[in-house]
$ cat start26.cif   # mmCIF, C-alpha atoms and all ligand atoms
data_run
#
loop_
_atom_site.group_PDB
_atom_site.id
_atom_site.type_symbol
_atom_site.label_atom_id
_atom_site.label_comp_id
_atom_site.auth_asym_id
_atom_site.auth_seq_id
_atom_site.Cartn_x
_atom_site.Cartn_y
_atom_site.Cartn_z
ATOM 1 C CA MET A 1 108.469 -106.424 -16.372
ATOM 2 C CA SER A 2 106.994 -104.917 -19.500
ATOM 3 C CA THR A 3 109.309 -102.873 -21.640
ATOM 4 C CA ARG A 4 106.753 -101.778 -24.201
ATOM 5 C CA PRO A 5 107.383 -98.328 -25.661
ATOM 6 C CA MET A 6 105.543 -95.461 -24.089
ATOM 7 C CA THR A 7 102.714 -93.932 -26.061
ATOM 8 C CA PRO A 8 101.338 -90.396 -26.020
ATOM 9 C CA GLU A 9 98.470 -91.753 -23.906
ATOM 10 C CA ASP A 10 100.953 -92.749 -21.200
ATOM 11 C CA LEU A 11 102.168 -89.174 -21.066
ATOM 12 C CA ARG A 12 98.829 -87.389 -21.152
ATOM 13 C CA TRP A 13 98.983 -86.678 -17.439
ATOM 14 C CA ILE A 14 102.665 -85.801 -17.401
ATOM 15 C CA VAL A 15 103.980 -82.333 -18.156
ATOM 16 C CA CYS A 16 107.433 -80.846 -18.137
ATOM 17 C CA PRO A 17 108.426 -79.963 -14.558
ATOM 18 C CA VAL A 18 110.180 -76.846 -15.809
ATOM 19 C CA CYS A 19 107.743 -75.187 -18.217
ATOM 20 C CA HIS A 20 104.617 -77.380 -17.794
ATOM 21 C CA HIS A 21 104.220 -78.053 -21.501
ATOM 22 C CA PRO A 22 103.204 -81.509 -22.805
ATOM 23 C CA LEU A 23 105.833 -84.157 -23.450
ATOM 24 C CA GLU A 24 106.376 -86.277 -26.534
ATOM 25 C CA PRO A 25 107.739 -89.805 -26.187
ATOM 26 C CA GLY A 26 110.868 -90.724 -28.098
ATOM 27 C CA PRO A 27 112.828 -93.984 -28.371
ATOM 28 C CA ASP A 28 114.962 -93.402 -25.295
ATOM 29 C CA SER A 29 113.690 -90.173 -23.784
ATOM 30 C CA VAL A 30 110.702 -87.866 -23.686
ATOM 31 C CA LEU A 31 110.946 -84.493 -25.369
ATOM 32 C CA CYS A 32 109.346 -81.372 -23.958
ATOM 33 C CA THR A 33 107.336 -79.535 -26.599
ATOM 34 C CA GLY A 34 107.851 -76.267 -24.724
ATOM 35 C CA CYS A 35 111.454 -75.828 -23.647
ATOM 36 C CA GLY A 36 112.993 -78.681 -25.650
ATOM 37 C CA ARG A 37 114.491 -80.491 -22.667
ATOM 38 C CA ARG A 38 114.800 -84.250 -23.000
ATOM 39 C CA TYR A 39 114.193 -86.523 -20.036
ATOM 40 C CA PRO A 40 115.808 -89.951 -20.181
ATOM 41 C CA PHE A 41 114.058 -93.233 -19.487
ATOM 42 C CA ILE A 42 115.636 -95.037 -16.559
ATOM 43 C CA ASP A 43 114.473 -98.675 -16.378
ATOM 44 C CA GLY A 44 111.595 -97.757 -18.702
ATOM 45 C CA ILE A 45 110.337 -94.868 -16.579
ATOM 46 C CA PRO A 46 110.799 -91.276 -17.673
ATOM 47 C CA VAL A 47 112.793 -89.360 -15.085
ATOM 48 C CA LEU A 48 111.167 -85.949 -15.013
ATOM 49 C CA LEU A 49 113.696 -84.084 -12.953
ATOM 50 C CA ALA A 50 115.061 -80.782 -14.180
ATOM 51 C CA ASP A 51 118.568 -81.652 -13.053
ATOM 52 C CA ARG A 52 118.427 -84.946 -15.000
ATOM 53 C CA ALA A 53 117.283 -83.346 -18.244
ATOM 54 C CA LEU A 54 119.530 -83.793 -21.274
HETATM 55 ZN ZN ZN A 101 109.766 -77.909 -20.761
#
$ encode --input "start26.cif" --output "structure tokens" --more "lines below"
Ligand SMILES: [Zn+2]
Amino acid sequence: MSTRPMTPEDLRWIVCPVCHHPLEPGPDSVLCTGCGRRYPFIDGIPVLLADRAL
């Protein structure tokens, strides 16, 4: 399994499930540019669930 870091290109089709703004990848989570929620990576996959947001 690849564990390469995510890039903005990986996230171009993903938006925040809460406010539908674009997401920015971080070292261990993705940050919503709209509402500021952070979604953790679980096994290298961002978990974009509102009730899992940090
Ligand atoms: Zn948001």
$ resolve_selection --input "start26.cif" --expression "the PyMOL selection byres (((chain A and resi 7) around 12) and not hetatm)" --output "list in words"
Thr3, Arg4, Pro5, Met6, Pro8, Glu9, Asp10, Leu11, Arg12, Trp13, Ile14, Leu23, Glu24, Pro25, Gly26, Pro27, Ser29, Val30 and Pro46 of chain A
$ atom_distance --input "start26.cif" --atom1 "CA of Arg52 in chain A" --atom2 "CA of Cys35 in chain A"
14.4 Å
$ closest_atom_pairs --input "start26.cif" --of "chain A" --to "ligand ZN 101 (chain A)" --cutoff "8 Å" --atoms "all atoms listed in the file" --output "JSON lines"
{"residue": "A:Val15", "atom": "CA", "partner": "A:ZN101", "partner_atom": "ZN", "distance": 7.7}
{"residue": "A:Cys16", "atom": "CA", "partner": "A:ZN101", "partner_atom": "ZN", "distance": 4.6}
{"residue": "A:Pro17", "atom": "CA", "partner": "A:ZN101", "partner_atom": "ZN", "distance": 6.7}
{"residue": "A:Val18", "atom": "CA", "partner": "A:ZN101", "partner_atom": "ZN", "distance": 5.1}
{"residue": "A:Cys19", "atom": "CA", "partner": "A:ZN101", "partner_atom": "ZN", "distance": 4.2}
{"residue": "A:His20", "atom": "CA", "partner": "A:ZN101", "partner_atom": "ZN", "distance": 6.0}
{"residue": "A:His21", "atom": "CA", "partner": "A:ZN101", "partner_atom": "ZN", "distance": 5.6}
{"residue": "A:Pro22", "atom": "CA", "partner": "A:ZN101", "partner_atom": "ZN", "distance": 7.8}
{"residue": "A:Leu23", "atom": "CA", "partner": "A:ZN101", "partner_atom": "ZN", "distance": 7.9}
{"residue": "A:Cys32", "atom": "CA", "partner": "A:ZN101", "partner_atom": "ZN", "distance": 4.7}
{"residue": "A:Thr33", "atom": "CA", "partner": "A:ZN101", "partner_atom": "ZN", "distance": 6.5}
{"residue": "A:Gly34", "atom": "CA", "partner": "A:ZN101", "partner_atom": "ZN", "distance": 4.7}
{"residue": "A:Cys35", "atom": "CA", "partner": "A:ZN101", "partner_atom": "ZN", "distance": 3.9}
{"residue": "A:Gly36", "atom": "CA", "partner": "A:ZN101", "partner_atom": "ZN", "distance": 5.9}
{"residue": "A:Arg37", "atom": "CA", "partner": "A:ZN101", "partner_atom": "ZN", "distance": 5.7}
$ write_last_selection --input "start26.cif" --atoms "C-alpha atoms" --output "PDB file, keeping the file's coordinate frame"
ATOM      1  CA  VAL A  15     103.980 -82.333 -18.156  1.00  0.00           C
ATOM      2  CA  CYS A  16     107.433 -80.846 -18.137  1.00  0.00           C
ATOM      3  CA  PRO A  17     108.426 -79.963 -14.558  1.00  0.00           C
ATOM      4  CA  VAL A  18     110.180 -76.846 -15.809  1.00  0.00           C
ATOM      5  CA  CYS A  19     107.743 -75.187 -18.217  1.00  0.00           C
ATOM      6  CA  HIS A  20     104.617 -77.380 -17.794  1.00  0.00           C
ATOM      7  CA  HIS A  21     104.220 -78.053 -21.501  1.00  0.00           C
ATOM      8  CA  PRO A  22     103.204 -81.509 -22.805  1.00  0.00           C
ATOM      9  CA  LEU A  23     105.833 -84.157 -23.450  1.00  0.00           C
ATOM     10  CA  CYS A  32     109.346 -81.372 -23.958  1.00  0.00           C
ATOM     11  CA  THR A  33     107.336 -79.535 -26.599  1.00  0.00           C
ATOM     12  CA  GLY A  34     107.851 -76.267 -24.724  1.00  0.00           C
ATOM     13  CA  CYS A  35     111.454 -75.828 -23.647  1.00  0.00           C
ATOM     14  CA  GLY A  36     112.993 -78.681 -25.650  1.00  0.00           C
ATOM     15  CA  ARG A  37     114.491 -80.491 -22.667  1.00  0.00           C
TER      16      ARG A  37
END
$ axis_aligned_box --input "start26.cif" --around "range 6-19 of chain A" --padding-each-side "5 Å" --output "AutoDock Vina command-line options"
--center_x 104.3 --center_y -85.3 --center_z -20.3 --size_x 21.7 --size_y 30.3 --size_z 21.5
$ decode --input "start26.cif" --residues "range 14-42 of chain A" --atoms "N, CA, C and O atoms" --output "JSON list (two decimals), in the first residue's frame"
[["chain", "number", "residue", "atom", "x", "y", "z"],
["A", 14, "ILE", "N", -12.79, 16.73, -4.09],
["A", 14, "ILE", "CA", -13.38, 16.54, -2.77],
["A", 14, "ILE", "C", -13.67, 17.91, -2.17],
["A", 14, "ILE", "O", -12.84, 18.81, -2.22],
["A", 15, "VAL", "N", -14.84, 18.07, -1.62],
["A", 15, "VAL", "CA", -15.17, 19.31, -0.91],
["A", 15, "VAL", "C", -15.65, 18.94, 0.49],
["A", 15, "VAL", "O", -15.99, 17.79, 0.78],
["A", 16, "CYS", "N", -15.68, 19.95, 1.33],
["A", 16, "CYS", "CA", -16.15, 19.75, 2.69],
["A", 16, "CYS", "C", -17.62, 19.31, 2.66],
["A", 16, "CYS", "O", -18.44, 19.92, 1.97],
["A", 17, "PRO", "N", -17.97, 18.25, 3.39],
["A", 17, "PRO", "CA", -19.36, 17.81, 3.39],
["A", 17, "PRO", "C", -20.29, 18.76, 4.14],
["A", 17, "PRO", "O", -21.51, 18.65, 4.01],
["A", 18, "VAL", "N", -19.72, 19.67, 4.89],
["A", 18, "VAL", "CA", -20.55, 20.58, 5.68],
["A", 18, "VAL", "C", -20.83, 21.86, 4.91],
["A", 18, "VAL", "O", -21.98, 22.27, 4.75],
["A", 19, "CYS", "N", -19.76, 22.51, 4.40],
["A", 19, "CYS", "CA", -19.95, 23.82, 3.78],
["A", 19, "CYS", "C", -19.61, 23.81, 2.29],
["A", 19, "CYS", "O", -19.78, 24.83, 1.63],
["A", 20, "HIS", "N", -19.08, 22.69, 1.78],
["A", 20, "HIS", "CA", -18.80, 22.51, 0.35],
["A", 20, "HIS", "C", -17.72, 23.44, -0.17],
["A", 20, "HIS", "O", -17.69, 23.77, -1.35],
["A", 21, "HIS", "N", -16.81, 23.85, 0.71],
["A", 21, "HIS", "CA", -15.64, 24.59, 0.28],
["A", 21, "HIS", "C", -14.51, 23.60, -0.02],
["A", 21, "HIS", "O", -14.55, 22.46, 0.43],
["A", 22, "PRO", "N", -13.48, 24.04, -0.76],
["A", 22, "PRO", "CA", -12.34, 23.16, -1.05],
["A", 22, "PRO", "C", -11.57, 22.81, 0.22],
["A", 22, "PRO", "O", -11.64, 23.52, 1.23],
["A", 23, "LEU", "N", -10.83, 21.72, 0.13],
["A", 23, "LEU", "CA", -10.03, 21.23, 1.25],
["A", 23, "LEU", "C", -8.55, 21.38, 0.93],
["A", 23, "LEU", "O", -8.14, 21.29, -0.22],
["A", 24, "GLU", "N", -7.77, 21.60, 1.98],
["A", 24, "GLU", "CA", -6.32, 21.68, 1.83],
["A", 24, "GLU", "C", -5.70, 20.54, 2.59],
["A", 24, "GLU", "O", -6.02, 20.33, 3.76],
["A", 25, "PRO", "N", -4.78, 19.79, 1.96],
["A", 25, "PRO", "CA", -4.15, 18.68, 2.65],
["A", 25, "PRO", "C", -3.13, 19.16, 3.67],
["A", 25, "PRO", "O", -2.38, 20.10, 3.42],
["A", 26, "GLY", "N", -3.10, 18.51, 4.81],
["A", 26, "GLY", "CA", -2.09, 18.75, 5.82],
["A", 26, "GLY", "C", -1.37, 17.45, 6.11],
["A", 26, "GLY", "O", -1.65, 16.43, 5.48],
["A", 27, "PRO", "N", -0.44, 17.45, 7.06],
["A", 27, "PRO", "CA", 0.36, 16.24, 7.33],
["A", 27, "PRO", "C", -0.47, 15.08, 7.86],
["A", 27, "PRO", "O", -0.16, 13.94, 7.54],
["A", 28, "ASP", "N", -1.50, 15.33, 8.62],
["A", 28, "ASP", "CA", -2.26, 14.22, 9.17],
["A", 28, "ASP", "C", -3.77, 14.45, 9.10],
["A", 28, "ASP", "O", -4.54, 13.71, 9.69],
["A", 29, "SER", "N", -4.16, 15.46, 8.36],
["A", 29, "SER", "CA", -5.59, 15.75, 8.19],
["A", 29, "SER", "C", -5.75, 16.69, 7.01],
["A", 29, "SER", "O", -4.77, 17.21, 6.50],
["A", 30, "VAL", "N", -6.99, 16.86, 6.58],
["A", 30, "VAL", "CA", -7.27, 17.87, 5.56],
["A", 30, "VAL", "C", -8.07, 18.98, 6.21],
["A", 30, "VAL", "O", -8.95, 18.74, 7.04],
["A", 31, "LEU", "N", -7.72, 20.20, 5.84],
["A", 31, "LEU", "CA", -8.33, 21.38, 6.45],
["A", 31, "LEU", "C", -9.33, 21.98, 5.48],
["A", 31, "LEU", "O", -9.02, 22.20, 4.31],
["A", 32, "CYS", "N", -10.52, 22.26, 5.96],
["A", 32, "CYS", "CA", -11.51, 22.95, 5.14],
["A", 32, "CYS", "C", -11.17, 24.43, 5.10],
["A", 32, "CYS", "O", -10.94, 25.05, 6.13],
["A", 33, "THR", "N", -11.16, 24.98, 3.87],
["A", 33, "THR", "CA", -10.86, 26.41, 3.71],
["A", 33, "THR", "C", -12.07, 27.27, 4.01],
["A", 33, "THR", "O", -11.97, 28.49, 4.04],
["A", 34, "GLY", "N", -13.24, 26.64, 4.19],
["A", 34, "GLY", "CA", -14.45, 27.40, 4.46],
["A", 34, "GLY", "C", -14.74, 27.50, 5.94],
["A", 34, "GLY", "O", -14.70, 28.57, 6.53],
["A", 35, "CYS", "N", -15.05, 26.34, 6.55],
["A", 35, "CYS", "CA", -15.49, 26.36, 7.95],
["A", 35, "CYS", "C", -14.37, 26.03, 8.92],
["A", 35, "CYS", "O", -14.58, 26.13, 10.13],
["A", 36, "GLY", "N", -13.20, 25.63, 8.41],
["A", 36, "GLY", "CA", -12.06, 25.38, 9.29],
["A", 36, "GLY", "C", -12.07, 24.03, 9.97],
["A", 36, "GLY", "O", -11.20, 23.75, 10.79],
["A", 37, "ARG", "N", -13.02, 23.17, 9.64],
["A", 37, "ARG", "CA", -12.99, 21.81, 10.19],
["A", 37, "ARG", "C", -11.77, 21.07, 9.65],
["A", 37, "ARG", "O", -11.31, 21.33, 8.54],
["A", 38, "ARG", "N", -11.28, 20.14, 10.45],
["A", 38, "ARG", "CA", -10.18, 19.28, 10.01],
["A", 38, "ARG", "C", -10.68, 17.85, 10.01],
["A", 38, "ARG", "O", -11.29, 17.39, 10.97],
["A", 39, "TYR", "N", -10.38, 17.15, 8.92],
["A", 39, "TYR", "CA", -10.81, 15.76, 8.77],
["A", 39, "TYR", "C", -9.59, 14.88, 8.83],
["A", 39, "TYR", "O", -8.65, 15.05, 8.04],
["A", 40, "PRO", "N", -9.55, 13.93, 9.73],
["A", 40, "PRO", "CA", -8.35, 13.11, 9.91],
["A", 40, "PRO", "C", -8.20, 12.08, 8.79],
["A", 40, "PRO", "O", -9.18, 11.61, 8.21],
["A", 41, "PHE", "N", -6.92, 11.73, 8.51],
["A", 41, "PHE", "CA", -6.64, 10.59, 7.66],
["A", 41, "PHE", "C", -6.74, 9.33, 8.50],
["A", 41, "PHE", "O", -6.14, 9.24, 9.58],
["A", 42, "ILE", "N", -7.50, 8.37, 8.02],
["A", 42, "ILE", "CA", -7.53, 7.05, 8.64],
["A", 42, "ILE", "C", -6.99, 6.07, 7.61],
["A", 42, "ILE", "O", -7.56, 5.93, 6.53]]
